[in-house]
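Colleague: Got a structure for you, written out below as structure tokens; questions coming shortly.
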Amino acid sequence: MSGPTTSSPQAARQYNCPWCGHASDASSMSCPRCGAPVDVTKAVTHSGWAKLPPIRDMTRIQFGDSTLQIEGKYVPVADFKLGAGAGIYFTHHLLLWRDAQVNIGVMSMKGGWKRLFAGLPLVMTQATGPGRVAFSKDEPGELIVVPLDPGQSLDVREHVFMVATNTIGYDWFQTGIWFSTYAEKSQETHYPIGMFMDRFTATAGPGLVLLHGSGNVFERHLADGESILIKPTSLLFKDPTVRMNLHIESPGGAKTFWGRSYLRYLWLRVHGPGRVAVQSNYPMVEDPDRNLAGVSAGSTQFTW
Amino acid sequence: MEPLQRIECQWCGAQSPTGATACAACGAQLDVKNLVSDSGWREAPRLRDMSEVRFGSSTCQVEGEIVPVAEITLGGNDAVFFEHHVMLWKDHSVALGVLPLQGAVKRIFSGMPFVVSLASGQGRIAFSRDATGELVVLPLHPGMELDVREHAFLLCSHSVEYSYTRVQGLKNILFGGQGMFMDRFVTRGQPGMLILHGYGNVFERKLAAGESILVEPGGFLYKDSTVTMDVETQKLTTGFFGGVGMSLARMTGPGRLGIQSMYHHHRSE
């Protein structure tokens with residue numbers, strides 16, 4: 001993918017970033033669009049998962065006339081230097097520090113009531129340059145920069161999104177992944193990946209989406225018709241072409257006298273074509289282990 | 001005659017002989033450039049595993065990188081004080097006592113158990129915190145005053161005067177209304193050693209007189225006492241429910257300011 005392109009010794013070696021595809025001069029230490037280190041070869045496991053290289057400390061990323069610098073190793077900070085009029089929007093509690101001159105405002109979001117009931121943040125905050133503003137999540141892990149080309153979309157699981165540039169439109173949709181169990185005198189519905197998922201779309205121009213992955217982050221391209229089972233809470237993001245459904249698996253030999261399985265594992269089955277990315281440090285999937293009352297459409301079950 | 005050559009540490013200002021790879025006073029690597037971001041924040045020096053620093057007649061060795069441990073070998077009449085729950089292990093010969101504190105009763109009534117222990121005698125004792133972070137080694141010169149976020153100090157040498165103040169203005173805004181305590185460390189005629197723990201990564205910046213920056217209160221770690229701190233609340237209204245208030249602390253120089261990139265919720269808060 002990378003290599004010299006012209007015969008002239010004065011011309012710079014062209015480098016195509018294997019992560020975002022951006023063409024740049026190979027003499028820099030990292031891709032100016034997504035921050036991935038240049039000299040790191042793509043590490044792909046036997047099973048096809050590519051480890052996203054952690055962005056090196058102090059890496060600079062360009063977008064428009066603004067720059068983003070990633071600082072710190074265990075709990076990295078995204079330090080934005082916004083050009084005049086450049087804007088970003090973000091989850092408000094992730095703000096770490098800012099220059100006094102940066103304008104902070106609120107971005108109105110439709111569907112406020114539904115979001116409130118789902119426990120999602122109601123407020124999307126905006127910052128406009130010129131000036132500096134920095135963000136960090138209160139968790140060790142990696143910052144992932146996903147550049148989007150015009151027309152490209154990205155689906156992100158709840159609470160993963162940190163910052164996006166103003167050129168990126170924000171929308172959200174219902175995941176349609178749920179199961180319900182019997183409670184004391186009623187039913188409880190559980191959402192393994194949340195009730196809603198964020199969708200980011202680059203509209204007129206290209207843009208950047210900044211996400212946080214806990215632990216290490218791995219990405220995989222699924223072919224058309226190819227599917228894999230992942231832990232629901234490990235999902236970070238996916239292409240909109242990737243479909244999902246709930247899969248409940250019960251091990252063999254774990255049955256009651258009446259033949260009902262008393263152990264179950266909850267999975268998210270993801271179907272290609274498209275990209276899917278997971279984090280290696282994921283919260284426990286909540287399952288009160290009571291009997292199942294219902295599952296969402298498209299769910300599958302399998303008992304060994 | 002040959003002029004005396006020394007390397008000055010960028011972090012603490014102490015001088016080490018040429019050829020030294022780590023500062024003897026604070027452990028910062030001398031052969032690696034201390035990273036400073038474009039916006040002026042200097043990263044706290046990443047201490048190499050097994051770095052050793054000296055203070056008084058004692059040494060401190062820092063072990064581990066993601067959740068580091070500070071191992072102190074106490075010598076002479078040295079003693080260190082610390083919050084008791086950060087103690088990891090110790091030799092039997094190290095004596096444990098309690099630091100007499102003013103106003104300790106008030107703190108206990110406010111719902112926060114608060115004991116500052118004192119370790120003395122000859123032997124080894126080790127400390128660590130229970131989350132990913134960095135140890136910030138701050139050698140204190142005589143005549144320094146440092147304000148540190150409550151619960152952030154790991155250990156401090158006995159010659160340093162320790163006190164704490166309640167930060168009144170913040171009590172309605174921060175931490176669910178319980179307010180915040182600020183630890184204060186003052187050196188008079190003697191130097192001292194203060195080791196802080198920052199959650200995540202730690203960055204430091206020198207603010208000029210009158211220069212100010214707005215910091216998330218959970219990110220504040222330490223500052224020279226010459227830096228003032230005022231909380232500003234900005235209301236972000238969404239119309240229907242009045243929105244949310246975003247509180248930021250305005251830090252105004254002159255002086256040093258240190259921040260941490262992760263805010264850890266303590267049960268006692």
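Each chain in the structure tokens gets a letter, A, B and so on, in the order shown; residues start at 1 in every chain, and ligands are counted from 1 in the order they appear.
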Find the residues near His151 in chain B: any atom within 9 Å, counting only C-alpha atoms, skip ones fewer than 4 places away on the same chain, and give them as a tab-separated table (two decimals) with N, CA and C atoms, in the first residue's frame.
Modeller:
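File written: out.tsv
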chain	number	residue	atom	x	y	z
B	83	GLU	N	-2.10	9.28	53.83
B	83	GLU	CA	-3.44	8.82	54.22
B	83	GLU	C	-3.38	7.30	54.33
B	181	PHE	N	-12.15	19.93	50.08
B	181	PHE	CA	-11.04	20.30	50.93
B	181	PHE	C	-9.80	20.43	50.08
B	182	MET	N	-8.94	21.36	50.46
B	182	MET	CA	-7.69	21.54	49.75
B	182	MET	C	-6.57	21.31	50.74
B	183	ASP	N	-5.66	20.44	50.38
B	183	ASP	CA	-4.50	20.21	51.25
B	183	ASP	C	-3.46	21.28	50.97
B	197	HIS	N	-0.28	11.62	43.61
B	197	HIS	CA	-0.76	10.66	42.63
B	197	HIS	C	-1.82	11.33	41.77
B	266	HIS	N	-14.29	9.08	44.64
B	266	HIS	CA	-13.96	8.40	45.88
B	266	HIS	C	-15.24	8.12	46.65
Colleague: Determine, counting only C-alpha atoms, which protein, DNA and RNA residues have an atom within 8 Å of an atom of Gly72 in chain A; residues of the same chain fewer than 2 positions away are not included. Present the result as a ChimeraX atom specification.
Modeller: /A:57-58,70,74-77 /B:43,201-202
Colleague: Do you know which residues are at most 10 Å from Ser280 in chain A counting only C-alpha atoms, after dropping those on the same chain fewer than 4 positions away, and could you put them as a PDB file with C-alpha atoms, in the first residue's frame?
Modeller:
ATOM      1  CA  GLY A 141      -7.963   3.594  27.138  1.00  0.00           C
ATOM      2  CA  GLY A 213     -12.161   2.861  23.518  1.00  0.00           C
ATOM      3  CA  SER A 214     -11.485   1.268  26.878  1.00  0.00           C
ATOM      4  CA  GLY A 215      -8.430  -1.007  26.892  1.00  0.00           C
ATOM      5  CA  ASN A 216      -7.278  -1.781  23.342  1.00  0.00           C
ATOM      6  CA  VAL A 217      -9.290  -1.423  20.148  1.00  0.00           C
ATOM      7  CA  PHE A 218      -9.555  -3.951  17.316  1.00  0.00           C
ATOM      8  CA  LYS A 231     -19.826  -9.357  23.463  1.00  0.00           C
ATOM      9  CA  THR A 233     -20.799  -4.131  25.484  1.00  0.00           C
ATOM     10  CA  SER A 234     -17.520  -4.466  23.599  1.00  0.00           C
ATOM     11  CA  LEU A 235     -19.019  -2.936  20.448  1.00  0.00           C
TER      12      LEU A 235
END
Colleague: Against chain B, which residues of chain A fall within 10 Å? For each one I want the closest pair of atoms and the distance in Å (one decimal), counting only C-alpha atoms, rows by chain and increasing residue number, as JSON lines.
Modeller:
{"residue": "A:Asp57", "atom": "CA", "partner": "B:Leu35", "partner_atom": "CA", "distance": 8.5}
{"residue": "A:Met58", "atom": "CA", "partner": "B:Ser37", "partner_atom": "CA", "distance": 6.3}
{"residue": "A:Thr59", "atom": "CA", "partner": "B:Ser37", "partner_atom": "CA", "distance": 9.3}
{"residue": "A:Arg60", "atom": "CA", "partner": "B:Asp38", "partner_atom": "CA", "distance": 9.3}
{"residue": "A:Thr67", "atom": "CA", "partner": "B:Asp38", "partner_atom": "CA", "distance": 9.8}
{"residue": "A:Leu68", "atom": "CA", "partner": "B:Asp38", "partner_atom": "CA", "distance": 9.7}
{"residue": "A:Gln69", "atom": "CA", "partner": "B:Ser37", "partner_atom": "CA", "distance": 7.5}
{"residue": "A:Ile70", "atom": "CA", "partner": "B:Ser37", "partner_atom": "CA", "distance": 8.6}
{"residue": "A:Glu71", "atom": "CA", "partner": "B:Ser37", "partner_atom": "CA", "distance": 7.1}
{"residue": "A:Gly72", "atom": "CA", "partner": "B:Asn201", "partner_atom": "CA", "distance": 5.6}
{"residue": "A:Lys73", "atom": "CA", "partner": "B:Asn201", "partner_atom": "CA", "distance": 6.8}
{"residue": "A:Tyr74", "atom": "CA", "partner": "B:Gly200", "partner_atom": "CA", "distance": 5.7}
{"residue": "A:Val75", "atom": "CA", "partner": "B:Gly200", "partner_atom": "CA", "distance": 4.6}
{"residue": "A:Pro76", "atom": "CA", "partner": "B:Ser261", "partner_atom": "CA", "distance": 7.0}
{"residue": "A:Val77", "atom": "CA", "partner": "B:Ser261", "partner_atom": "CA", "distance": 6.5}
{"residue": "A:Asp79", "atom": "CA", "partner": "B:Ser39", "partner_atom": "CA", "distance": 7.8}
{"residue": "A:Phe80", "atom": "CA", "partner": "B:Ser39", "partner_atom": "CA", "distance": 8.9}
{"residue": "A:Lys81", "atom": "CA", "partner": "B:Ser39", "partner_atom": "CA", "distance": 8.0}
{"residue": "A:His92", "atom": "CA", "partner": "B:Met246", "partner_atom": "CA", "distance": 7.8}
{"residue": "A:His93", "atom": "CA", "partner": "B:Met246", "partner_atom": "CA", "distance": 8.0}
{"residue": "A:Leu94", "atom": "CA", "partner": "B:Glu216", "partner_atom": "CA", "distance": 8.8}
{"residue": "A:Leu95", "atom": "CA", "partner": "B:Glu216", "partner_atom": "CA", "distance": 6.6}
{"residue": "A:Leu96", "atom": "CA", "partner": "B:Glu216", "partner_atom": "CA", "distance": 5.0}
{"residue": "A:Trp97", "atom": "CA", "partner": "B:Val215", "partner_atom": "CA", "distance": 4.1}
{"residue": "A:Arg98", "atom": "CA", "partner": "B:Leu214", "partner_atom": "CA", "distance": 5.3}
{"residue": "A:Asp99", "atom": "CA", "partner": "B:Ile213", "partner_atom": "CA", "distance": 5.4}
{"residue": "A:Ala100", "atom": "CA", "partner": "B:Ile213", "partner_atom": "CA", "distance": 6.2}
{"residue": "A:Gln101", "atom": "CA", "partner": "B:Ile213", "partner_atom": "CA", "distance": 9.6}
{"residue": "A:Ile104", "atom": "CA", "partner": "B:Leu236", "partner_atom": "CA", "distance": 8.6}
{"residue": "A:Gly105", "atom": "CA", "partner": "B:Leu236", "partner_atom": "CA", "distance": 6.7}
{"residue": "A:Val106", "atom": "CA", "partner": "B:Leu236", "partner_atom": "CA", "distance": 6.0}
{"residue": "A:Met107", "atom": "CA", "partner": "B:Thr238", "partner_atom": "CA", "distance": 8.2}
{"residue": "A:Ser108", "atom": "CA", "partner": "B:Thr238", "partner_atom": "CA", "distance": 6.7}
{"residue": "A:Met109", "atom": "CA", "partner": "B:Thr238", "partner_atom": "CA", "distance": 8.7}
{"residue": "A:Gly112", "atom": "CA", "partner": "B:Phe240", "partner_atom": "CA", "distance": 8.7}
{"residue": "A:Trp113", "atom": "CA", "partner": "B:Phe240", "partner_atom": "CA", "distance": 9.5}
{"residue": "A:Leu122", "atom": "CA", "partner": "B:Thr238", "partner_atom": "CA", "distance": 8.0}
{"residue": "A:Val123", "atom": "CA", "partner": "B:Thr238", "partner_atom": "CA", "distance": 7.0}
{"residue": "A:Met124", "atom": "CA", "partner": "B:Thr238", "partner_atom": "CA", "distance": 9.4}
{"residue": "A:Thr125", "atom": "CA", "partner": "B:Leu236", "partner_atom": "CA", "distance": 7.9}
{"residue": "A:Gly131", "atom": "CA", "partner": "B:Ser39", "partner_atom": "CA", "distance": 10.0}
{"residue": "A:Arg132", "atom": "CA", "partner": "B:Ser39", "partner_atom": "CA", "distance": 7.5}
{"residue": "A:Val133", "atom": "CA", "partner": "B:Leu214", "partner_atom": "CA", "distance": 9.3}
{"residue": "A:Ala134", "atom": "CA", "partner": "B:Val215", "partner_atom": "CA", "distance": 9.4}
{"residue": "A:Phe135", "atom": "CA", "partner": "B:Ser261", "partner_atom": "CA", "distance": 8.4}
{"residue": "A:Ser136", "atom": "CA", "partner": "B:Ser261", "partner_atom": "CA", "distance": 5.9}
{"residue": "A:Lys137", "atom": "CA", "partner": "B:Met262", "partner_atom": "CA", "distance": 6.5}
{"residue": "A:Asp138", "atom": "CA", "partner": "B:Met262", "partner_atom": "CA", "distance": 4.1}
{"residue": "A:Glu139", "atom": "CA", "partner": "B:Met262", "partner_atom": "CA", "distance": 6.3}
{"residue": "A:Pro140", "atom": "CA", "partner": "B:Gly200", "partner_atom": "CA", "distance": 6.6}
{"residue": "A:Gly141", "atom": "CA", "partner": "B:Gly200", "partner_atom": "CA", "distance": 9.6}
Colleague: Pull C-alpha atoms from the residues just selected and write them as a short mmCIF file (atom, residue, chain, number, x, y, z; two decimals), in the first residue's frame.
Modeller:
data_model
loop_
_atom_site.label_atom_id
_atom_site.label_comp_id
_atom_site.auth_asym_id
_atom_site.auth_seq_id
_atom_site.Cartn_x
_atom_site.Cartn_y
_atom_site.Cartn_z
CA ASP A 57 1.83 10.86 22.56
CA MET A 58 1.87 14.42 21.13
CA THR A 59 0.62 13.36 17.67
CA ARG A 60 -0.89 16.20 15.65
CA THR A 67 -5.29 21.07 14.76
CA LEU A 68 -5.86 18.33 17.26
CA GLN A 69 -3.04 17.10 19.48
CA ILE A 70 -3.30 13.89 21.51
CA GLU A 71 -1.41 14.09 24.82
CA GLY A 72 -0.83 11.48 27.49
CA LYS A 73 -0.42 7.73 27.47
CA TYR A 74 -2.92 6.03 29.80
CA VAL A 75 -5.78 8.52 29.83
CA PRO A 76 -5.07 10.60 26.73
CA VAL A 77 -6.26 14.17 26.28
CA ASP A 79 -6.27 19.08 22.76
CA PHE A 80 -8.04 21.11 20.04
CA LYS A 81 -6.69 24.34 18.61
CA HIS A 92 -20.32 18.16 27.83
CA HIS A 93 -18.89 16.34 30.82
CA LEU A 94 -15.78 15.37 28.91
CA LEU A 95 -14.42 18.89 28.79
CA LEU A 96 -11.11 19.11 30.67
CA TRP A 97 -9.95 22.69 30.14
CA ARG A 98 -10.47 25.60 27.76
CA ASP A 99 -9.20 29.08 26.93
CA ALA A 100 -11.51 31.80 28.20
CA GLN A 101 -12.11 33.05 24.63
CA ILE A 104 -19.46 27.41 24.40
CA GLY A 105 -23.09 26.97 23.40
CA VAL A 106 -25.74 24.33 23.15
CA MET A 107 -26.75 22.34 20.10
CA SER A 108 -30.48 21.67 19.97
CA MET A 109 -31.41 18.04 19.50
CA GLY A 112 -35.61 15.32 23.70
CA TRP A 113 -38.26 13.42 25.69
CA LEU A 122 -30.04 15.75 26.51
CA VAL A 123 -27.43 18.36 25.93
CA MET A 124 -24.92 18.37 23.09
CA THR A 125 -22.49 21.18 23.67
CA GLY A 131 -9.01 29.21 20.86
CA ARG A 132 -8.01 26.01 22.59
CA VAL A 133 -10.19 23.43 24.29
CA ALA A 134 -9.33 19.94 25.56
CA PHE A 135 -11.26 16.78 26.38
CA SER A 136 -10.59 13.54 28.19
CA LYS A 137 -12.71 10.65 29.36
CA ASP A 138 -12.36 9.49 32.97
CA GLU A 139 -11.19 6.03 32.01
CA PRO A 140 -7.92 4.52 30.81
CA GLY A 141 -7.96 3.59 27.14
#
Colleague: Return as number ranges by chain the full set of residues in range 48-84 of chain A whose backbone-based DSSP assignment is strand (DSSP E).
Modeller: A: 50-51, 59-63, 66-71, 77-82
Colleague: Could you name the residues that touch range 164-166 of chain A at 9 Å or less, counting only C-alpha atoms, but leaving out those on the same chain fewer than 4 positions away, as a ChimeraX atom specification?
Modeller: /A:63,86-90,126,170,200,207-211
Colleague: Of the candidates A:Arg290, A:Lys42, A:Lys255, A:His22, which one gets nearest to Phe179 in chain A if we count only C-alpha atoms?
Modeller: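 Going through A:Arg290, A:Lys42, A:Lys255, A:His22 one by one, the smallest distance to Phe179 in chain A is for A:Arg290.
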